[in-house]
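Undergrad: So here's start.cif (mmCIF, C-alpha atoms and all ligand atoms).
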```
data_coords
#
loop_
_atom_site.label_atom_id
_atom_site.label_comp_id
_atom_site.auth_asym_id
_atom_site.auth_seq_id
_atom_site.Cartn_x
_atom_site.Cartn_y
_atom_site.Cartn_z
CA MET I 1 -0.20 -16.74 -39.18
CA SER I 2 -0.79 -14.06 -36.61
CA ILE I 3 2.65 -12.99 -35.40
CA GLU I 4 2.41 -10.70 -32.39
CA ARG I 5 4.75 -8.98 -29.96
CA THR I 6 4.06 -8.68 -26.27
CA LEU I 7 5.86 -7.17 -23.29
CA SER I 8 7.13 -9.43 -20.55
CA ILE I 9 8.74 -8.29 -17.30
CA VAL I 10 10.66 -10.50 -14.92
CA LYS I 11 9.70 -8.77 -11.66
CA PRO I 12 12.08 -7.98 -8.75
CA ASN I 13 11.21 -11.08 -6.70
CA ALA I 14 12.06 -13.43 -9.57
CA VAL I 15 15.32 -11.56 -10.32
CA GLU I 16 16.24 -11.73 -6.61
CA ASP I 17 15.50 -15.47 -6.55
CA ASN I 18 17.81 -16.11 -9.55
CA ASN I 19 14.97 -17.20 -11.80
CA ILE I 20 15.70 -15.02 -14.86
CA GLY I 21 17.13 -17.96 -16.79
CA ASN I 22 14.31 -20.30 -15.82
CA ILE I 23 11.73 -17.80 -17.03
CA VAL I 24 13.51 -16.86 -20.28
CA GLY I 25 14.21 -20.54 -20.92
CA ARG I 26 10.56 -21.37 -20.51
CA PHE I 27 9.51 -18.79 -23.11
CA GLU I 28 12.07 -20.16 -25.56
CA LYS I 29 11.03 -23.74 -24.87
CA GLU I 30 7.43 -22.78 -25.62
CA GLY I 31 8.51 -21.38 -28.99
CA LEU I 32 8.36 -17.66 -28.28
CA ARG I 33 11.36 -15.64 -29.45
CA ILE I 34 13.12 -12.89 -27.50
CA ALA I 35 12.94 -9.85 -29.79
CA ALA I 36 14.44 -7.40 -27.26
CA MET I 37 15.73 -7.57 -23.71
CA LYS I 38 17.24 -5.31 -21.05
CA MET I 39 17.77 -5.32 -17.31
CA VAL I 40 16.98 -2.04 -15.54
CA LYS I 41 16.12 -0.60 -12.17
CA LEU I 42 12.91 1.35 -12.67
CA SER I 43 12.57 4.82 -11.20
CA LYS I 44 9.40 5.67 -9.29
CA GLU I 45 8.25 7.91 -12.14
CA ARG I 46 8.82 5.23 -14.78
CA ALA I 47 6.98 2.57 -12.79
CA GLU I 48 4.09 4.96 -12.06
CA GLY I 49 3.79 5.79 -15.76
CA PHE I 50 3.78 2.14 -16.71
CA TYR I 51 0.98 1.31 -14.25
CA ILE I 52 -0.93 4.57 -14.81
CA GLU I 53 -4.20 2.70 -15.47
CA HIS I 54 -4.07 1.44 -11.85
CA LYS I 55 -3.42 4.89 -10.34
CA SER I 56 -6.70 4.98 -8.42
CA ARG I 57 -6.40 1.42 -7.08
CA SER I 58 -5.63 0.76 -3.42
CA PHE I 59 -2.55 -1.31 -4.32
CA PHE I 60 -0.96 1.29 -6.64
CA THR I 61 1.59 2.76 -4.20
CA SER I 62 2.61 -0.64 -2.93
CA LEU I 63 2.91 -2.00 -6.48
CA VAL I 64 5.18 0.88 -7.52
CA THR I 65 7.30 0.40 -4.37
CA PHE I 66 7.66 -3.29 -5.17
CA MET I 67 8.48 -2.75 -8.85
CA THR I 68 11.22 -0.28 -7.91
CA SER I 69 12.63 -2.45 -5.09
CA GLY I 70 15.19 -4.14 -7.34
CA PRO I 71 16.11 -4.70 -10.97
CA VAL I 72 13.66 -6.08 -13.50
CA VAL I 73 14.18 -7.67 -16.91
CA LEU I 74 12.15 -6.13 -19.71
CA MET I 75 11.55 -8.32 -22.74
CA VAL I 76 9.67 -8.25 -25.98
CA LEU I 77 8.39 -11.72 -26.86
CA GLU I 78 7.52 -12.48 -30.43
CA GLY I 79 5.56 -15.32 -31.98
CA GLU I 80 2.23 -16.56 -33.16
CA LYS I 81 -0.51 -15.36 -30.77
CA ALA I 82 2.25 -14.18 -28.42
CA VAL I 83 -0.08 -12.13 -26.18
CA GLU I 84 -2.38 -15.00 -25.32
CA ARG I 85 0.37 -17.63 -25.18
CA ASN I 86 2.41 -15.55 -22.78
CA ARG I 87 -0.61 -15.17 -20.51
CA THR I 88 -1.18 -18.91 -20.52
CA ILE I 89 2.47 -19.58 -19.67
CA MET I 90 2.33 -17.00 -16.81
CA GLY I 91 -0.88 -18.29 -15.21
CA SER I 92 -3.42 -16.32 -13.18
CA THR I 93 -2.43 -12.97 -11.65
CA ASN I 94 -2.96 -14.38 -8.18
CA PRO I 95 -0.56 -17.31 -7.75
CA ALA I 96 -3.10 -18.99 -5.48
CA ASP I 97 -5.28 -19.42 -8.58
CA ALA I 98 -2.46 -20.21 -11.03
CA ALA I 99 -2.40 -23.62 -12.69
CA ASN I 100 0.36 -26.09 -11.94
CA GLY I 101 3.45 -25.54 -14.05
CA THR I 102 2.74 -21.89 -14.83
CA LEU I 103 5.44 -19.30 -14.12
CA ARG I 104 3.41 -17.73 -11.34
CA LYS I 105 2.71 -21.07 -9.69
CA LEU I 106 6.42 -21.83 -9.83
CA TYR I 107 8.01 -18.47 -9.02
CA ALA I 108 5.49 -16.03 -7.46
CA LYS I 109 5.63 -15.09 -3.79
CA SER I 110 2.28 -13.29 -3.55
CA LEU I 111 -0.36 -11.47 -5.59
CA GLU I 112 1.94 -8.43 -5.70
CA ALA I 113 5.27 -10.27 -6.07
CA ASN I 114 3.88 -12.46 -8.83
CA ALA I 115 7.16 -13.00 -10.71
CA VAL I 116 6.16 -11.83 -14.18
CA HIS I 117 4.14 -9.24 -16.04
CA GLY I 118 2.59 -9.80 -19.45
CA SER I 119 0.55 -7.49 -21.65
CA ASP I 120 -3.16 -8.27 -21.45
CA SER I 121 -4.08 -7.38 -25.05
CA LEU I 122 -2.50 -6.45 -28.35
CA ALA I 123 -3.31 -2.78 -27.72
CA SER I 124 -1.64 -2.90 -24.28
CA ALA I 125 1.33 -4.71 -25.78
CA GLU I 126 1.88 -1.93 -28.31
CA ARG I 127 1.69 0.76 -25.63
CA GLU I 128 3.88 -1.15 -23.17
CA ILE I 129 6.56 -2.08 -25.73
CA SER I 130 6.87 1.51 -26.93
CA TYR I 131 6.95 2.69 -23.29
CA PHE I 132 10.17 0.78 -22.65
CA PHE I 133 11.79 0.21 -26.05
CA ASP I 134 12.78 2.39 -29.00
CA LYS I 135 11.93 0.95 -32.39
CA ASN I 136 15.63 0.45 -33.15
CA GLU I 137 16.00 -1.79 -30.07
CA LEU I 138 13.59 -4.38 -31.47
CA CYS I 139 15.54 -7.24 -33.01
CA GLY I 140 12.71 -9.57 -33.96
CA ARG I 141 12.29 -11.36 -37.23
CA PHE I 142 9.15 -9.53 -38.29
P1 LIG I 201 -1.85 -6.09 -14.29
O1 LIG I 201 -1.90 -4.77 -14.98
O2 LIG I 201 -3.08 -6.89 -14.45
O3 LIG I 201 -0.56 -6.83 -14.52
O4 LIG I 201 -1.86 -5.77 -12.72
C1 LIG I 201 -0.77 -5.15 -12.17
C2 LIG I 201 -0.18 -5.91 -11.06
O5 LIG I 201 -0.70 -5.39 -9.87
C3 LIG I 201 -0.44 -7.41 -10.97
O6 LIG I 201 0.41 -8.16 -11.79
C4 LIG I 201 -0.14 -7.64 -9.51
O7 LIG I 201 1.27 -7.71 -9.28
C5 LIG I 201 -0.64 -6.37 -8.88
N1 LIG I 201 -1.97 -6.51 -8.34
C6 LIG I 201 -3.12 -6.70 -9.00
N2 LIG I 201 -4.17 -6.76 -8.15
C7 LIG I 201 -3.65 -6.59 -6.92
C8 LIG I 201 -4.19 -6.53 -5.61
N3 LIG I 201 -5.51 -6.67 -5.40
N4 LIG I 201 -3.36 -6.34 -4.57
C9 LIG I 201 -2.02 -6.20 -4.79
N5 LIG I 201 -1.44 -6.23 -6.01
C10 LIG I 201 -2.24 -6.42 -7.05
#
```
Turn the structure described in the file into structure tokens.
TA:
Amino acid sequence: MSIERTLSIVKPNAVEDNNIGNIVGRFEKEGLRIAAMKMVKLSKERAEGFYIEHKSRSFFTSLVTFMTSGPVVLMVLEGEKAVERNRTIMGSTNPADAANGTLRKLYAKSLEANAVHGSDSLASAEREISYFFDKNELCGRF
């Protein structure tokens, strides 16, 4: 068994559209467990730090503006191969390319307002989880 943890974010457009429950429910239905969860409004500095690897990209300022435009739900998902499974459940970054039934196909508005974030690797997951959560906030089984 390869139990992993990954960071998931319900982005402002999905919170605004009342889809928190649909998204969390989907993860649970797929067998991932919620190991930590909190709803926050990100500051500009916190969002910039989170997306620091995209700092030089043309969409960086717009992405930070979007991610600070309303509350988000930060979650740690736990389960076997959680990183990859979460990415499959989310679908492609661009909702136009996302497969039917994926979270982005169902709930995204655009490439930027794409409903959910998920860590892209185990190394990113570790960095992203520790960016938003203290160790004592993790309530997983492992
Ligand atoms: P990622 O680190 O892969 O999650 O990328 C960060 C986020 O930036 C994506 O989830 C999209 O919301 C956004 N994004 C990625 N590429 C673009 C783009 N070309 N234009 C606008 N937003 C983008």
Undergrad: If you count all atoms listed in the file, which residues end up within 8 Å of ligand LIG 201 (chain I), as a PyMOL selection string?
TA: chain I and resi 51+53-54+58-60+62-63+93-94+111-114+116-120
Undergrad: Can you tell me which residues surround I:Glu84 at a distance of at most 10 Å, considering all atoms listed in the file, apart from same-chain residues fewer than 4 positions away, and format the answer as a PyMOL selection string?
TA: chain I and resi 4+6+80+88-90+118-122
Undergrad: Identify which of the residues I:Lys109, I:Arg127, I:Arg5, I:Lys44 lies closest to I:Glu78, counting all atoms listed in the file when measuring atom-to-atom distances.
TA: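 Ranking I:Lys109, I:Arg127, I:Arg5, I:Lys44 by distance to I:Glu78, first place goes to I:Arg5.
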Undergrad: Atom CA of I:Cys139 and atom CA of I:Ser92 are how many Å apart?
TA: 28.9 Å
Undergrad: Between I:Ala36, I:Val10, I:Val72, I:Ile3, which one has atoms that come closest to I:Asn22, using all atoms listed in the file?
TA: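 Selected residue with least distance to I:Asn22: I:Val10.
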Undergrad: Of the candidates I:Arg141, I:Glu48, I:Gly101, I:Ala82, which shows the shortest atom-to-atom distance to I:Leu32, using all atoms listed in the file?
TA: I:Ala82
Undergrad: Identify, on the basis of only C-alpha atoms, every residue whose closest approach to I:Asp17 does not exceed 12 Å; exclude the query and any residue fewer than 2 positions from it along the same chain; express the result as a list in words.
TA: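 Near I:Asp17, the qualifying residues are Val10, Lys11, Pro12, Asn13, Ala14, Val15, Asn19, Ile20, Gly21, Asn22, Ile23, Gly70, Pro71, Val72, Leu106, Tyr107, Ala108, Lys109, Ala113 and Ala115 of chain I.
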Undergrad: Go through I:Ala99, I:Arg33, I:Ser56, I:Lys135 one by one, measure the shortest atom-to-atom distance of each to I:Met75 using all atoms listed in the file, and give the residue with the smallest value.
TA: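 Closest candidate: I:Arg33.
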Undergrad: Go through I:Val76, I:Ser110, I:Val64, I:Met1 and flag the residue nearest I:Ile34, using all atoms listed in the file for the distances.
TA: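 Under the stated criterion, the closest residue is I:Val76.
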Undergrad: Hey, can you check how far atom CA of I:Asp97 sits from atom CA of I:Ser2?
TA: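 Result for atom CA of I:Asp97 versus atom CA of I:Ser2: 28.9 Å, one decimal.
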Undergrad: As an exercise, work out the distance from atom CA of I:Phe133 to atom CA of I:Ile52 in Å and give it to one decimal place.
TA: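 These two atoms are separated by 17.5 Å.
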Undergrad: What's around I:Leu74 at 6 Å? Count only C-alpha atoms, leave out sequence neighbours fewer than 2 positions away in its own chain, and write the answer as a list in words.
TA: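 The filter keeps Ile9, Met37 and Lys38 of chain I.
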